file protein34.cif (mmCIF, C-alpha atoms)
data_work
#
loop_
_atom_site.label_atom_id
_atom_site.label_comp_id
_atom_site.auth_asym_id
_atom_site.auth_seq_id
_atom_site.Cartn_x
_atom_site.Cartn_y
_atom_site.Cartn_z
CA MET A 1 -59.38 -17.65 -4.60
CA SER A 2 -55.83 -19.05 -4.94
CA THR A 3 -52.83 -17.10 -3.69
CA GLN A 4 -51.64 -16.41 -7.24
CA LYS A 5 -55.06 -15.19 -8.40
CA LEU A 6 -55.43 -13.01 -5.30
CA PHE A 7 -51.99 -11.52 -5.86
CA SER A 8 -52.72 -10.79 -9.52
CA ALA A 9 -56.05 -9.19 -8.63
CA LEU A 10 -54.47 -6.94 -6.00
CA PHE A 11 -51.73 -5.78 -8.36
CA LEU A 12 -54.18 -5.03 -11.14
CA GLN A 13 -56.30 -3.08 -8.65
CA LEU A 14 -53.20 -1.01 -7.91
CA ILE A 15 -52.75 -0.27 -11.61
CA LEU A 16 -56.39 0.76 -11.86
CA ALA A 17 -55.95 3.01 -8.81
CA ILE A 18 -53.06 4.73 -10.58
CA PHE A 19 -55.31 5.25 -13.60
CA VAL A 20 -58.05 7.05 -11.71
CA LEU A 21 -55.94 9.37 -9.54
CA ASP A 22 -56.24 13.06 -10.35
CA VAL A 23 -53.20 14.15 -12.38
CA ALA A 24 -54.52 17.40 -13.76
CA ASP A 25 -51.50 19.31 -12.46
CA ALA A 26 -49.05 17.33 -14.60
CA GLN A 27 -48.62 19.39 -17.76
CA TYR A 28 -49.11 17.33 -20.94
CA LEU A 29 -49.68 14.15 -18.90
CA LYS A 30 -53.22 12.97 -18.57
CA LEU A 31 -55.37 9.88 -18.51
CA GLY A 32 -57.01 9.25 -21.85
CA PHE A 33 -54.22 11.05 -23.73
CA TYR A 34 -54.52 8.46 -26.51
CA LYS A 35 -58.31 8.66 -26.63
CA ASN A 36 -58.29 9.91 -30.22
CA THR A 37 -55.03 8.50 -31.59
CA CYS A 38 -55.18 5.05 -29.97
CA PRO A 39 -58.32 4.61 -27.85
CA ALA A 40 -57.60 0.96 -27.04
CA ALA A 41 -54.04 1.58 -25.76
CA GLU A 42 -54.78 1.60 -22.03
CA ASP A 43 -56.94 -1.53 -22.22
CA ILE A 44 -54.34 -3.36 -24.34
CA VAL A 45 -51.55 -2.66 -21.85
CA ARG A 46 -53.64 -3.69 -18.86
CA GLU A 47 -54.88 -6.88 -20.52
CA THR A 48 -51.41 -7.89 -21.72
CA THR A 49 -49.91 -7.25 -18.28
CA ALA A 50 -52.69 -9.24 -16.62
CA GLN A 51 -52.07 -12.23 -18.89
CA TYR A 52 -48.39 -12.40 -17.98
CA ILE A 53 -48.87 -11.82 -14.25
CA SER A 54 -51.57 -14.47 -14.02
CA LYS A 55 -49.05 -17.03 -15.31
CA ALA A 56 -46.01 -15.72 -13.39
CA PRO A 57 -47.13 -13.57 -10.41
CA THR A 58 -43.59 -12.57 -9.41
CA LEU A 59 -43.36 -10.55 -12.64
CA ALA A 60 -45.42 -7.86 -10.89
CA ALA A 61 -42.50 -7.09 -8.59
CA SER A 62 -40.18 -7.11 -11.59
CA LEU A 63 -42.27 -4.53 -13.45
CA LEU A 64 -42.40 -2.26 -10.41
CA ARG A 65 -38.63 -2.53 -10.14
CA ILE A 66 -38.07 -1.69 -13.82
CA HIS A 67 -40.30 1.36 -13.45
CA PHE A 68 -38.42 2.53 -10.35
CA HIS A 69 -35.00 1.95 -11.94
CA ASP A 70 -36.06 3.82 -15.07
CA CYS A 71 -37.51 6.85 -13.31
CA PHE A 72 -34.55 7.41 -10.99
CA VAL A 73 -32.13 7.71 -13.92
CA ARG A 74 -32.83 10.56 -16.39
CA GLY A 75 -36.48 10.47 -15.37
CA CYS A 76 -39.26 8.20 -16.61
CA ASP A 77 -38.17 7.99 -20.24
CA GLY A 78 -37.68 4.29 -20.95
CA SER A 79 -33.89 4.68 -21.13
CA VAL A 80 -33.42 1.54 -19.01
CA LEU A 81 -34.77 -0.47 -21.95
CA LEU A 82 -32.08 0.60 -24.42
CA ASN A 83 -29.30 -1.85 -25.34
CA SER A 84 -25.63 -1.01 -25.06
CA THR A 85 -23.78 -0.16 -28.25
CA LYS A 86 -20.17 -0.52 -29.35
CA ASN A 87 -19.37 2.93 -28.02
CA ASN A 88 -21.67 3.10 -24.99
CA GLN A 89 -22.61 0.91 -22.03
CA ALA A 90 -26.30 1.48 -21.36
CA GLU A 91 -28.21 1.54 -18.06
CA LYS A 92 -29.47 -1.99 -18.68
CA ASP A 93 -25.91 -3.30 -18.26
CA ALA A 94 -25.10 -1.38 -15.08
CA ILE A 95 -24.57 -3.63 -12.05
CA PRO A 96 -27.81 -2.59 -10.26
CA ASN A 97 -29.82 -3.46 -13.39
CA LEU A 98 -28.31 -6.82 -14.31
CA SER A 99 -30.98 -8.62 -12.28
CA LEU A 100 -33.92 -6.76 -13.82
CA ARG A 101 -36.49 -9.03 -15.47
CA GLY A 102 -39.85 -8.60 -17.11
CA TYR A 103 -38.71 -6.97 -20.34
CA GLN A 104 -40.78 -9.52 -22.27
CA VAL A 105 -43.98 -8.13 -20.74
CA ILE A 106 -43.13 -4.62 -21.90
CA ASP A 107 -42.20 -5.90 -25.36
CA ALA A 108 -45.47 -7.81 -25.63
CA ALA A 109 -47.55 -4.83 -24.53
CA LYS A 110 -45.76 -2.50 -26.92
CA SER A 111 -46.07 -4.97 -29.81
CA ALA A 112 -49.79 -5.37 -29.19
CA VAL A 113 -50.25 -1.59 -29.17
CA GLU A 114 -48.08 -1.16 -32.27
CA LYS A 115 -50.29 -3.57 -34.19
CA LYS A 116 -53.29 -1.45 -33.32
CA CYS A 117 -51.71 2.01 -33.49
CA PRO A 118 -48.24 2.15 -35.13
CA GLY A 119 -45.86 4.84 -33.86
CA VAL A 120 -48.21 6.42 -31.34
CA VAL A 121 -47.55 5.04 -27.84
CA SER A 122 -44.17 5.33 -26.09
CA TYR A 123 -42.27 2.43 -24.55
CA GLN A 124 -41.95 4.23 -21.23
CA TRP A 125 -45.70 4.37 -20.85
CA THR A 126 -46.04 0.63 -21.42
CA ILE A 127 -43.66 -0.12 -18.52
CA LEU A 128 -46.50 0.50 -16.10
CA ALA A 129 -49.94 1.87 -16.85
CA SER A 130 -49.69 5.52 -15.80
CA PRO A 131 -50.69 9.04 -16.90
CA THR A 132 -50.03 9.17 -20.62
CA GLY A 133 -48.51 11.63 -23.07
CA ARG A 134 -44.85 10.87 -22.36
CA ARG A 135 -42.11 10.07 -24.86
CA ASP A 136 -39.01 7.84 -24.95
CA GLY A 137 -35.50 9.03 -24.20
CA LYS A 138 -32.58 8.55 -26.58
CA VAL A 139 -29.73 8.50 -24.06
CA SER A 140 -28.81 5.66 -21.67
CA VAL A 141 -25.57 5.63 -19.64
CA ALA A 142 -24.60 2.86 -17.22
CA LEU A 143 -22.63 5.16 -14.91
CA GLU A 144 -25.73 7.25 -14.30
CA ALA A 145 -27.52 4.17 -12.99
CA LEU A 146 -24.72 3.58 -10.50
CA THR A 147 -24.88 7.14 -9.19
CA ASN A 148 -28.66 7.65 -9.16
CA LEU A 149 -30.17 4.38 -7.97
CA PRO A 150 -30.45 3.96 -4.18
CA PRO A 151 -28.31 0.93 -3.25
CA PRO A 152 -29.54 -1.74 -0.79
CA PHE A 153 -26.82 -0.67 1.66
CA ALA A 154 -27.87 3.01 1.75
CA ASN A 155 -28.42 4.66 5.13
CA ILE A 156 -31.34 6.95 5.90
CA THR A 157 -29.37 10.15 5.18
CA GLN A 158 -28.41 8.90 1.73
CA LEU A 159 -31.93 7.66 0.99
CA LYS A 160 -33.57 10.95 1.95
CA ALA A 161 -31.11 12.91 -0.17
CA MET A 162 -31.59 10.67 -3.21
CA PHE A 163 -35.38 10.78 -3.02
CA GLN A 164 -35.52 14.51 -2.39
CA SER A 165 -33.22 15.12 -5.37
CA LYS A 166 -35.97 13.56 -7.51
CA GLY A 167 -38.67 15.75 -6.03
CA LEU A 168 -39.99 12.99 -3.78
CA SER A 169 -40.83 13.48 -0.11
CA ILE A 170 -39.74 11.57 2.96
CA LYS A 171 -43.21 10.02 3.03
CA ASP A 172 -42.72 8.88 -0.58
CA LEU A 173 -39.51 7.18 0.56
CA ALA A 174 -41.37 5.27 3.27
CA VAL A 175 -44.27 4.43 0.96
CA LEU A 176 -42.28 3.31 -2.09
CA SER A 177 -40.01 1.18 0.10
CA GLY A 178 -43.17 -0.82 0.67
CA GLY A 179 -42.72 -2.16 -2.85
CA HIS A 180 -40.43 -4.69 -1.16
CA THR A 181 -43.58 -6.43 0.04
CA ILE A 182 -43.38 -8.47 -3.17
CA GLY A 183 -40.45 -10.15 -4.85
CA ILE A 184 -37.16 -11.81 -4.07
CA SER A 185 -33.49 -10.87 -3.75
CA ARG A 186 -30.16 -12.59 -4.26
CA CYS A 187 -28.13 -13.22 -1.12
CA SER A 188 -25.30 -11.07 -2.45
CA SER A 189 -27.42 -7.94 -1.88
CA PHE A 190 -27.38 -8.32 1.90
CA THR A 191 -24.85 -10.96 3.04
CA ASN A 192 -22.52 -8.22 4.29
CA ARG A 193 -25.10 -7.70 7.06
CA LEU A 194 -24.69 -11.34 8.05
CA TYR A 195 -20.97 -11.90 7.87
CA ASN A 196 -18.91 -8.73 7.54
CA PHE A 197 -20.94 -5.64 8.36
CA THR A 198 -18.08 -3.37 9.46
CA GLY A 199 -15.23 -5.32 7.87
CA LYS A 200 -14.48 -7.24 11.06
CA GLY A 201 -16.45 -10.41 10.39
CA ASP A 202 -19.41 -9.10 12.36
CA THR A 203 -23.20 -8.97 11.97
CA ASP A 204 -25.39 -5.90 11.56
CA PRO A 205 -26.57 -5.20 15.13
CA SER A 206 -29.78 -3.61 13.83
CA MET A 207 -31.03 -6.96 12.49
CA ASP A 208 -33.00 -9.38 14.66
CA PRO A 209 -30.43 -12.04 15.77
CA ASN A 210 -32.94 -14.86 15.20
CA TYR A 211 -33.51 -13.65 11.65
CA VAL A 212 -29.76 -13.55 11.10
CA ILE A 213 -29.59 -17.23 12.05
CA GLN A 214 -32.36 -18.08 9.60
CA LEU A 215 -30.71 -16.16 6.76
CA LYS A 216 -27.31 -17.74 7.41
CA LYS A 217 -28.86 -21.15 6.81
CA LYS A 218 -29.90 -20.02 3.33
CA CYS A 219 -27.05 -17.70 2.38
CA LYS A 220 -23.42 -18.69 2.78
CA PRO A 221 -20.48 -16.27 2.35
CA GLY A 222 -19.90 -15.54 -1.32
CA ASP A 223 -23.28 -16.93 -2.41
CA VAL A 224 -24.40 -15.00 -5.51
CA SER A 225 -27.14 -17.28 -6.81
CA THR A 226 -29.52 -18.20 -3.97
CA VAL A 227 -32.64 -16.06 -3.70
CA VAL A 228 -34.58 -15.08 -0.58
CA GLU A 229 -38.08 -13.66 -0.13
CA MET A 230 -38.00 -9.94 0.67
CA ASP A 231 -41.20 -10.27 2.70
CA PRO A 232 -41.03 -13.79 4.17
CA GLY A 233 -44.29 -15.70 3.90
CA SER A 234 -46.01 -12.88 2.02
CA PHE A 235 -43.75 -12.20 -0.96
CA LYS A 236 -46.52 -12.93 -3.47
CA SER A 237 -49.06 -10.64 -1.81
CA PHE A 238 -49.13 -6.90 -2.29
CA ASP A 239 -49.94 -5.96 1.29
CA GLU A 240 -48.69 -4.06 4.34
CA ASP A 241 -46.82 -7.02 5.84
CA TYR A 242 -43.49 -5.49 4.79
CA TYR A 243 -43.90 -2.83 7.47
CA SER A 244 -44.54 -5.42 10.17
CA VAL A 245 -41.33 -7.16 9.09
CA VAL A 246 -39.33 -3.91 9.22
CA ALA A 247 -40.80 -3.00 12.62
CA LYS A 248 -39.55 -6.36 13.93
CA ARG A 249 -36.03 -5.53 12.67
CA ARG A 250 -36.30 -8.13 9.94
CA GLY A 251 -35.96 -5.89 6.91
CA LEU A 252 -33.74 -7.71 4.43
CA PHE A 253 -31.69 -4.75 3.22
CA GLN A 254 -29.84 -2.10 5.16
CA SER A 255 -32.03 0.42 3.33
CA ASP A 256 -35.11 -1.31 4.82
CA ALA A 257 -33.70 -1.17 8.34
CA ALA A 258 -32.79 2.50 7.78
CA LEU A 259 -36.49 3.42 7.80
CA LEU A 260 -36.39 3.02 11.58
CA ASP A 261 -33.63 5.65 11.85
CA ASP A 262 -35.80 8.65 10.98
CA VAL A 263 -38.75 10.04 12.90
CA GLU A 264 -41.05 10.41 9.89
CA THR A 265 -40.24 7.14 8.14
CA SER A 266 -40.32 5.11 11.36
CA LYS A 267 -43.69 6.66 12.21
CA TYR A 268 -45.04 5.52 8.85
CA VAL A 269 -43.64 2.02 9.34
CA ARG A 270 -45.38 1.67 12.67
CA LEU A 271 -48.59 3.23 11.39
CA GLN A 272 -48.93 0.65 8.62
CA SER A 273 -47.83 -2.15 10.90
CA PHE A 274 -50.40 -1.34 13.60
CA SER A 275 -53.25 -0.31 11.28
CA HIS A 276 -52.87 -3.37 9.03
CA GLY A 277 -52.07 -1.16 6.05
CA GLU A 278 -55.32 0.76 6.08
CA SER A 279 -53.93 3.51 3.81
CA PHE A 280 -50.98 1.72 2.18
CA GLY A 281 -52.63 0.86 -1.16
CA GLN A 282 -53.85 4.40 -1.71
CA ASP A 283 -50.55 5.91 -0.55
CA PHE A 284 -48.54 3.62 -2.82
CA ALA A 285 -50.64 4.45 -5.87
CA ALA A 286 -50.24 8.19 -5.19
CA SER A 287 -46.46 7.93 -4.74
CA MET A 288 -46.14 5.81 -7.88
CA VAL A 289 -47.93 8.45 -9.92
CA LYS A 290 -45.72 11.14 -8.39
CA MET A 291 -42.59 9.15 -9.20
CA GLY A 292 -43.93 8.57 -12.70
CA ARG A 293 -43.73 12.31 -13.36
CA ILE A 294 -39.98 12.56 -12.75
CA GLY A 295 -38.20 14.08 -15.75
CA VAL A 296 -40.81 13.03 -18.30
CA LEU A 297 -40.32 13.94 -21.94
CA THR A 298 -43.34 15.45 -23.65
CA GLY A 299 -44.18 17.50 -26.73
CA ASN A 300 -41.32 17.26 -29.22
CA ALA A 301 -38.70 16.00 -26.76
CA GLY A 302 -37.43 12.43 -27.15
CA GLU A 303 -39.15 10.06 -29.56
CA ILE A 304 -41.72 7.29 -29.85
CA ARG A 305 -39.56 4.16 -30.22
CA LYS A 306 -40.79 1.39 -32.47
CA TYR A 307 -38.43 -1.18 -30.99
CA CYS A 308 -37.73 -1.42 -27.27
CA ALA A 309 -33.96 -1.68 -27.22
CA PHE A 310 -32.96 0.68 -30.03
CA VAL A 311 -33.14 4.40 -30.75
CA ASN A 312 -35.07 5.00 -33.96
#
call {"tool": "encode", "arguments": {"input": "protein34.cif", "output": "structure tokens"}}
result
Amino acid sequence: MSTQKLFSALFLQLILAIFVLDVADAQYLKLGFYKNTCPAAEDIVRETTAQYISKAPTLAASLLRIHFHDCFVRGCDGSVLLNSTKNNQAEKDAIPNLSLRGYQVIDAAKSAVEKKCPGVVSYQWTILASPTGRRDGKVSVALEALTNLPPPFANITQLKAMFQSKGLSIKDLAVLSGGHTIGISRCSSFTNRLYNFTGKGDTDPSMDPNYVIQLKKKCKPGDVSTVVEMDPGSFKSFDEDYYSVVAKRRGLFQSDAALLDDVETSKYVRLQSFSHGESFGQDFAASMVKMGRIGVLTGNAGEIRKYCAFVN
């Protein structure tokens, strides 16, 4: 099996794992929520997502990132999809979200579902197949993205506080950070670690010096366009290799390196590194479902948007 096909298969297995996890304790949210109103919804979303990922495997990382960025601001309500208006700058246009991609996959999935079942399925649910029954938010504010999304330069104290404020545990922090096993990043997100870590033209001492040399060859000061693999040599494979990279002090972001600064997160890093990720897939699926419950709108709250970028 080719690398791209293997990657696509692993990601789709993750989605399926999220589908079958027990979510009975999430009020109003359940698998098969659309069984009567739109029985084909779950299959349509999975099939549409699979078609796009098979052609462009890196979109999987993009969809995970959109889901994360949505849930950490106002909860999982699809507010990151809304466009800015004349009187309001939306989350989509906040600095941390300018590099988000994959909106076309969500639009395609939603359009396919709309053709089958008009006005039934929310946009937020189509971001990533997850427990259903949620609705779309009507408010999107760029400033809230700046204050709620963990930045790549966050230290462990900041990361723990931000995750715990969303009802996520320290283990969830360690597990969800593993999402960096796939995807790429622009040099501008970490070059301060290479050239000016403390404002004195120095390098981050927590990063492997040999890795610093390698990164400097790719990323020059002020470079805002070059991209680098977050998990070198394995950025198209959803696997545990990220933790081996972090354990070797080769995490790309300061927030990756910060996992070694806490007893619980560092223990998880080493566990996955030494055990070859024996439990990582299951842990990641569980933490994704847990994150997917943050601030969800159900019942009569919010709306079911017909078009991705606009409030009805």
call {"tool": "residues_around", "arguments": {"input": "protein34.cif", "residues": "region 222-239 of chain A", "least_positions_apart": "5", "cutoff": "6 Å", "atoms": "only C-alpha atoms", "output": "PyMOL selection string"}}
result
chain A and resi 7+181-188
call {"tool": "resolve_selection", "arguments": {"input": "protein34.cif", "expression": "the PyMOL selection byres ((chain A and resi 70-77) around 10)", "output": "count of residues only"}}
result
49
call {"tool": "closest_residue", "arguments": {"input": "protein34.cif", "among": "A:Lys116, A:Arg250, A:Lys290, A:His180", "to": "Asp208 (chain A)", "atoms": "only C-alpha atoms"}}
result
A:Arg250
call {"tool": "closest_residue", "arguments": {"input": "protein34.cif", "among": "A:Thr191, A:Ser287, A:Gln214, A:Thr37", "to": "Gly167 (chain A)", "atoms": "all atoms listed in the file"}}
result
A:Ser287
call {"tool": "residues_near_point", "arguments": {"input": "protein34.cif", "point": "(-44.0, -3.0, 5.7)", "cutoff": "10 Å", "atoms": "only C-alpha atoms", "output": "compact mmCIF listing (two decimals) with C-alpha atoms, in the coordinates of the input"}}
result
# COMPACT_ATOMS: atom_id res chain seq x y z
CA ALA A 174 -41.37 5.27 3.27
CA VAL A 175 -44.27 4.43 0.96
CA SER A 177 -40.01 1.18 0.10
CA GLY A 178 -43.17 -0.82 0.67
CA GLY A 179 -42.72 -2.16 -2.85
CA HIS A 180 -40.43 -4.69 -1.16
CA THR A 181 -43.58 -6.43 0.04
CA ASP A 231 -41.20 -10.27 2.70
CA ASP A 239 -49.94 -5.96 1.29
CA GLU A 240 -48.69 -4.06 4.34
CA ASP A 241 -46.82 -7.02 5.84
CA TYR A 242 -43.49 -5.49 4.79
CA TYR A 243 -43.90 -2.83 7.47
CA SER A 244 -44.54 -5.42 10.17
CA VAL A 245 -41.33 -7.16 9.09
CA VAL A 246 -39.33 -3.91 9.22
CA ALA A 247 -40.80 -3.00 12.62
CA LYS A 248 -39.55 -6.36 13.93
CA GLY A 251 -35.96 -5.89 6.91
CA ASP A 256 -35.11 -1.31 4.82
CA TYR A 268 -45.04 5.52 8.85
CA VAL A 269 -43.64 2.02 9.34
CA ARG A 270 -45.38 1.67 12.67
CA LEU A 271 -48.59 3.23 11.39
CA GLN A 272 -48.93 0.65 8.62
CA SER A 273 -47.83 -2.15 10.90
CA HIS A 276 -52.87 -3.37 9.03
CA GLY A 277 -52.07 -1.16 6.05
CA PHE A 280 -50.98 1.72 2.18
call {"tool": "decode", "arguments": {"input": "protein34.cif", "residues": "region 247-279 of chain A", "atoms": "N, CA and C atoms", "output": "short mmCIF file (atom, residue, chain, number, x, y, z; two decimals), in the first residue's frame"}}
result
data_model
loop_
_atom_site.label_atom_id
_atom_site.label_comp_id
_atom_site.auth_asym_id
_atom_site.auth_seq_id
_atom_site.Cartn_x
_atom_site.Cartn_y
_atom_site.Cartn_z
N ALA A 247 10.66 13.58 22.54
CA ALA A 247 11.56 13.00 23.53
C ALA A 247 13.03 13.27 23.19
N LYS A 248 13.32 13.43 21.90
CA LYS A 248 14.69 13.72 21.45
C LYS A 248 14.97 15.22 21.42
N ARG A 249 14.05 16.01 21.97
CA ARG A 249 14.16 17.48 22.01
C ARG A 249 14.14 18.08 20.60
N ARG A 250 13.31 17.48 19.75
CA ARG A 250 13.18 17.96 18.39
C ARG A 250 11.75 18.40 18.07
N GLY A 251 10.98 18.70 19.10
CA GLY A 251 9.65 19.24 18.88
C GLY A 251 9.78 20.58 18.20
N LEU A 252 8.98 20.84 17.18
CA LEU A 252 9.13 22.05 16.38
C LEU A 252 8.76 23.32 17.13
N PHE A 253 7.67 23.26 17.89
CA PHE A 253 7.18 24.44 18.59
C PHE A 253 7.63 24.43 20.07
N GLN A 254 7.63 25.60 20.64
CA GLN A 254 7.91 25.70 22.07
C GLN A 254 6.86 24.93 22.87
N SER A 255 5.63 24.93 22.37
CA SER A 255 4.55 24.20 23.05
C SER A 255 4.78 22.68 22.99
N ASP A 256 5.49 22.20 21.96
CA ASP A 256 5.84 20.78 21.90
C ASP A 256 6.90 20.46 22.95
N ALA A 257 7.92 21.29 22.98
CA ALA A 257 9.01 21.08 23.94
C ALA A 257 8.51 21.18 25.37
N ALA A 258 7.46 21.99 25.59
CA ALA A 258 6.93 22.20 26.93
C ALA A 258 6.38 20.92 27.55
N LEU A 259 6.03 19.94 26.72
CA LEU A 259 5.49 18.69 27.25
C LEU A 259 6.50 17.97 28.13
N LEU A 260 7.77 18.29 27.97
CA LEU A 260 8.82 17.66 28.79
C LEU A 260 9.00 18.37 30.12
N ASP A 261 8.28 19.47 30.33
CA ASP A 261 8.44 20.27 31.55
C ASP A 261 7.41 19.96 32.63
N ASP A 262 6.62 18.93 32.42
CA ASP A 262 5.62 18.53 33.40
C ASP A 262 5.72 17.02 33.61
N VAL A 263 5.55 16.59 34.84
CA VAL A 263 5.70 15.17 35.16
C VAL A 263 4.73 14.31 34.37
N GLU A 264 3.44 14.71 34.34
CA GLU A 264 2.43 13.88 33.69
C GLU A 264 2.56 13.87 32.17
N THR A 265 2.77 15.05 31.58
CA THR A 265 2.88 15.09 30.12
C THR A 265 4.17 14.44 29.64
N SER A 266 5.27 14.64 30.37
CA SER A 266 6.53 14.02 29.96
C SER A 266 6.45 12.50 30.09
N LYS A 267 5.73 12.03 31.09
CA LYS A 267 5.55 10.59 31.27
C LYS A 267 4.79 10.02 30.07
N TYR A 268 3.78 10.74 29.59
CA TYR A 268 3.01 10.26 28.45
C TYR A 268 3.87 10.26 27.18
N VAL A 269 4.67 11.30 27.02
CA VAL A 269 5.57 11.37 25.86
C VAL A 269 6.48 10.15 25.81
N ARG A 270 7.07 9.84 26.93
CA ARG A 270 8.01 8.72 26.98
C ARG A 270 7.29 7.38 26.84
N LEU A 271 6.09 7.29 27.39
CA LEU A 271 5.31 6.06 27.26
C LEU A 271 5.05 5.74 25.80
N GLN A 272 4.58 6.73 25.04
CA GLN A 272 4.27 6.50 23.64
C GLN A 272 5.53 6.28 22.81
N SER A 273 6.59 6.96 23.21
CA SER A 273 7.86 6.81 22.50
C SER A 273 8.42 5.40 22.66
N PHE A 274 8.39 4.89 23.89
CA PHE A 274 8.97 3.58 24.18
C PHE A 274 8.06 2.42 23.81
N SER A 275 6.74 2.66 23.83
CA SER A 275 5.80 1.57 23.55
C SER A 275 5.36 1.54 22.09
N HIS A 276 5.97 2.42 21.28
CA HIS A 276 5.61 2.52 19.87
C HIS A 276 4.13 2.84 19.67
N GLY A 277 3.62 3.71 20.55
CA GLY A 277 2.26 4.22 20.40
C GLY A 277 1.18 3.19 20.58
N GLU A 278 1.40 2.24 21.46
CA GLU A 278 0.44 1.15 21.64
C GLU A 278 -0.98 1.64 21.92
N SER A 279 -1.11 2.73 22.70
CA SER A 279 -2.44 3.22 23.07
C SER A 279 -2.80 4.56 22.43
#
